[in-house]
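For reference, the structure is listed below as structure tokens.
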Amino acid sequence: MDGAEVQTTAGDGAGSGEPGGAVAVERAAGAAEAALERASGLRNAGRTAEAVRVYGQALEDGARAGSAMLQADAYLGLGDCALDRGDLERLLSCCAKAERLLADQDLPVRAPALRGRALAHLQTRDLRYGCHLLEQAVDELHAHEAPEDAAEAGAAGPGAAGEDGGAATARALVLLYATLISPYVDLGERERAARAAEVAETLLPRTRDPQVRAYLRRQAARWLTTEGRFGDALEALAEAEAAYRRQGIRIEVAQSRWARGYVLAQQGALEEAERELTAARDELREVGSQLITMQVEVELADVWRRRGKSVEAAALLGRMLRELRGDHGAVHAAAAHHLLGVILEGSDPGAAERHYRAALVLRHQSRLAGDLAVTCRRLGDLLHRIGRTPEAVDVYRFGLSGLSGPGTTTLGDS
């Protein structure tokens, strides 16, 4: 059964006023709640296919209960499973259905569905639009949060508020700000990444959710790495991984190890990085997280290349590019093309040029200014070495143009 396609019309006399109707509604609601809890546990354990089936049952039970909230929760769970599998169209569809069901709810309730939609765009090539969706929700949430709610939360002290009212808004804001950190880094907007991390940290005491805290720690490690604060980044990731292990969430444990491998690679600890990235990849494969597995493999291939294992790295990248579908993982496909260009420069300049140009197109479309500049520098250097200097100059200029835009320069375009 494909849970995302289950009909959501109530039946079996639920809510119809027939004798026993109220009992049937209550029974269906209880069954939906139990199914949602069971499905969440299955997904946490890495049993995604089973989780999809149980979320589908929760969707049916929620429909019989006539509960938009329960149906929306089921769709969000199905969306999480779709993200695990790399099925971004299904993720968008599930989030859109959840948003429609929650249309009359306050924004803190709708925020997870909106965030899921933004994540789908971030996983393709549209980082700017994904950030726009998150930023728009952040602005609306700040406007939604009544001043008296914030004052009461502050007066009660950190963590005193429950997950209602202002605390629910704070929880949604922490998730949204944390989600913004990595795309801001990818876009070269380090100051905005730092600001997002700082604001999320100030809001964190107002929510008691350990998963939210762990997620913020993992995301903040990316910004800390850009600041060269490797020790702080590794400490944040150790806290996140420990929290996820306590909750038994395998996919998040694996992603924490992936993040640690990334930090270690940036630090130059390549042997340790290879160990962490390999462990993360193997775990993600086991739980069926295809798209995230490919993202880890790009970084593992880079570590292999830097350790002198270029043949193995090239084989891994080639296979990964063949398996990517459409725009899925465009950011990581660009990185794979770039790495293949680096590997092939000495042996096959023509093939290296083709890979660099493929990376250049994807990075330009994704508006990744820093990564675009790096690819343009490598391609320009290659063209200059083989005597095509005028073309090299054009490529350099193209890379530099991506680093400037309205509001990023002291003077105008002169």
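Chain labels follow the order of the structure tokens: the first chain is A, the next B, and so on; residue numbering restarts at 1 in every chain, and ligands are counted from 1 in their shown order.
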
Surrounding residues of Ala373 in chain A excluding itself and chain neighbours under 6 positions, 10 Å, only C-alpha atoms, as an MDAnalysis selection string: chainID A and resid 360 363:364 379 395:403

Per-residue nearest contacts range 261-361 of chain A to range 49-58 of chain A, cut-off 12 Å, using only C-alpha atoms, as a Markdown table:
| residue | atom | partner | partner_atom | distance |
| --- | --- | --- | --- | --- |
| A:Val287 | CA | A:Ala49 | CA | 9.5 |
| A:Gly288 | CA | A:Ala49 | CA | 8.9 |
| A:Ser289 | CA | A:Ala49 | CA | 11.1 |

Non-local contacts of Ala82 in chain A (9 Å; only C-alpha atoms; under 6 positions in same chain excluded) as number ranges by chain: A: 48, 52, 88-91, 94

Can you write just those residues out, C-alpha atoms, as a short mmCIF file (atom, residue, chain, number, x, y, z; two decimals), in the first residue's frame?
data_model
loop_
_atom_site.label_atom_id
_atom_site.label_comp_id
_atom_site.auth_asym_id
_atom_site.auth_seq_id
_atom_site.Cartn_x
_atom_site.Cartn_y
_atom_site.Cartn_z
CA THR A 48 11.46 2.71 6.31
CA VAL A 52 5.47 3.77 5.15
CA LEU A 88 11.72 14.47 -3.46
CA GLU A 89 8.56 14.58 -5.57
CA ARG A 90 6.77 12.46 -2.97
CA LEU A 91 8.17 14.67 -0.20
CA CYS A 94 3.08 14.87 1.16
#

Members of range 148-347 of chain A assigned alpha helix (DSSP H) by DSSP, as JSON, numbers by chain: {"A": [148, 149, 150, 151, 152, 153, 154, 155, 156, 166, 167, 168, 169, 170, 171, 172, 173, 174, 175, 176, 177, 178, 179, 180, 181, 182, 183, 184, 185, 186, 190, 191, 192, 193, 194, 195, 196, 197, 198, 199, 200, 201, 202, 203, 210, 211, 212, 213, 214, 215, 216, 217, 218, 219, 220, 221, 222, 223, 224, 225, 226, 230, 231, 232, 233, 234, 235, 236, 237, 238, 239, 240, 241, 242, 243, 244, 245, 246, 247, 250, 251, 252, 253, 254, 255, 256, 257, 258, 259, 260, 261, 262, 263, 264, 265, 266, 267, 270, 271, 272, 273, 274, 275, 276, 277, 278, 279, 280, 281, 282, 283, 284, 285, 286, 290, 291, 292, 293, 294, 295, 296, 297, 298, 299, 300, 301, 302, 303, 304, 305, 306, 310, 311, 312, 313, 314, 315, 316, 317, 318, 319, 320, 321, 322, 323, 330, 331, 332, 333, 334, 335, 336, 337, 338, 339, 340, 341, 342, 343, 344]}

Who sits within 7 Å of range 315-320 of chain A, only C-alpha atoms, same chain under 4 positions skipped, as a PDB file with all heavy atoms, in the first residue's frame:
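Generated file (part22.pdb):
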ATOM      1  N   MET A 294      24.489   9.021  -1.152  1.00  0.00           N
ATOM      2  CA  MET A 294      25.261   9.595  -2.252  1.00  0.00           C
ATOM      3  C   MET A 294      25.992  10.863  -1.825  1.00  0.00           C
ATOM      4  O   MET A 294      27.128  11.122  -2.234  1.00  0.00           O
ATOM      5  CB  MET A 294      24.338   9.901  -3.430  1.00  0.00           C
ATOM      6  CG  MET A 294      23.800   8.660  -4.113  1.00  0.00           C
ATOM      7  SD  MET A 294      22.726   9.084  -5.510  1.00  0.00           S
ATOM      8  CE  MET A 294      22.246   7.449  -6.047  1.00  0.00           C
ATOM      9  N   VAL A 298      30.239  11.462  -1.979  1.00  0.00           N
ATOM     10  CA  VAL A 298      31.021  12.533  -2.593  1.00  0.00           C
ATOM     11  C   VAL A 298      32.178  12.924  -1.681  1.00  0.00           C
ATOM     12  O   VAL A 298      33.327  13.053  -2.118  1.00  0.00           O
ATOM     13  CB  VAL A 298      30.136  13.770  -2.882  1.00  0.00           C
ATOM     14  CG1 VAL A 298      30.996  14.948  -3.333  1.00  0.00           C
ATOM     15  CG2 VAL A 298      29.115  13.450  -3.956  1.00  0.00           C
ATOM     16  N   ALA A 301      34.750  10.157  -1.440  1.00  0.00           N
ATOM     17  CA  ALA A 301      35.601  10.126  -2.637  1.00  0.00           C
ATOM     18  C   ALA A 301      36.681  11.197  -2.569  1.00  0.00           C
ATOM     19  O   ALA A 301      37.829  10.969  -2.983  1.00  0.00           O
ATOM     20  CB  ALA A 301      34.740  10.322  -3.889  1.00  0.00           C
ATOM     21  N   VAL A 311      41.849   6.118  -8.160  1.00  0.00           N
ATOM     22  CA  VAL A 311      41.111   5.147  -8.978  1.00  0.00           C
ATOM     23  C   VAL A 311      39.804   4.771  -8.286  1.00  0.00           C
ATOM     24  O   VAL A 311      38.728   4.755  -8.911  1.00  0.00           O
ATOM     25  CB  VAL A 311      41.971   3.900  -9.241  1.00  0.00           C
ATOM     26  CG1 VAL A 311      41.137   2.827  -9.954  1.00  0.00           C
ATOM     27  CG2 VAL A 311      43.200   4.257 -10.071  1.00  0.00           C
ATOM     28  N   LEU A 324      22.147   9.144  -9.945  1.00  0.00           N
ATOM     29  CA  LEU A 324      21.368  10.341  -9.631  1.00  0.00           C
ATOM     30  C   LEU A 324      20.297  10.541 -10.693  1.00  0.00           C
ATOM     31  O   LEU A 324      20.515  10.323 -11.878  1.00  0.00           O
ATOM     32  CB  LEU A 324      22.280  11.570  -9.571  1.00  0.00           C
ATOM     33  CG  LEU A 324      23.073  11.731  -8.283  1.00  0.00           C
ATOM     34  CD1 LEU A 324      24.072  12.865  -8.417  1.00  0.00           C
ATOM     35  CD2 LEU A 324      22.153  12.005  -7.090  1.00  0.00           C
ATOM     36  N   ALA A 336      30.637  16.074  -7.490  1.00  0.00           N
ATOM     37  CA  ALA A 336      31.203  14.868  -8.091  1.00  0.00           C
ATOM     38  C   ALA A 336      31.893  15.191  -9.416  1.00  0.00           C
ATOM     39  O   ALA A 336      33.003  14.712  -9.686  1.00  0.00           O
ATOM     40  CB  ALA A 336      30.104  13.825  -8.303  1.00  0.00           C
TER      41      ALA A 336
END

Which residues of range 268-351 of chain A sit at most 12 Å from range 218-235 of chain A, using only C-alpha atoms? Give each one's shortest atom pair and distance in Å (one decimal place), in chain and ascending residue order, as CSV.
residue,atom,partner,partner_atom,distance
A:Gly268,CA,A:Phe230,CA,10.6
A:Ala269,CA,A:Phe230,CA,11.0
A:Ala273,CA,A:Leu234,CA,11.9

Selection near Leu101 in chain A, 10 Å with only C-alpha atoms, sequence-local residues under 5 positions removed, as a VMD selection string: chain A and resid 67 to 73 75 95 to 96 110
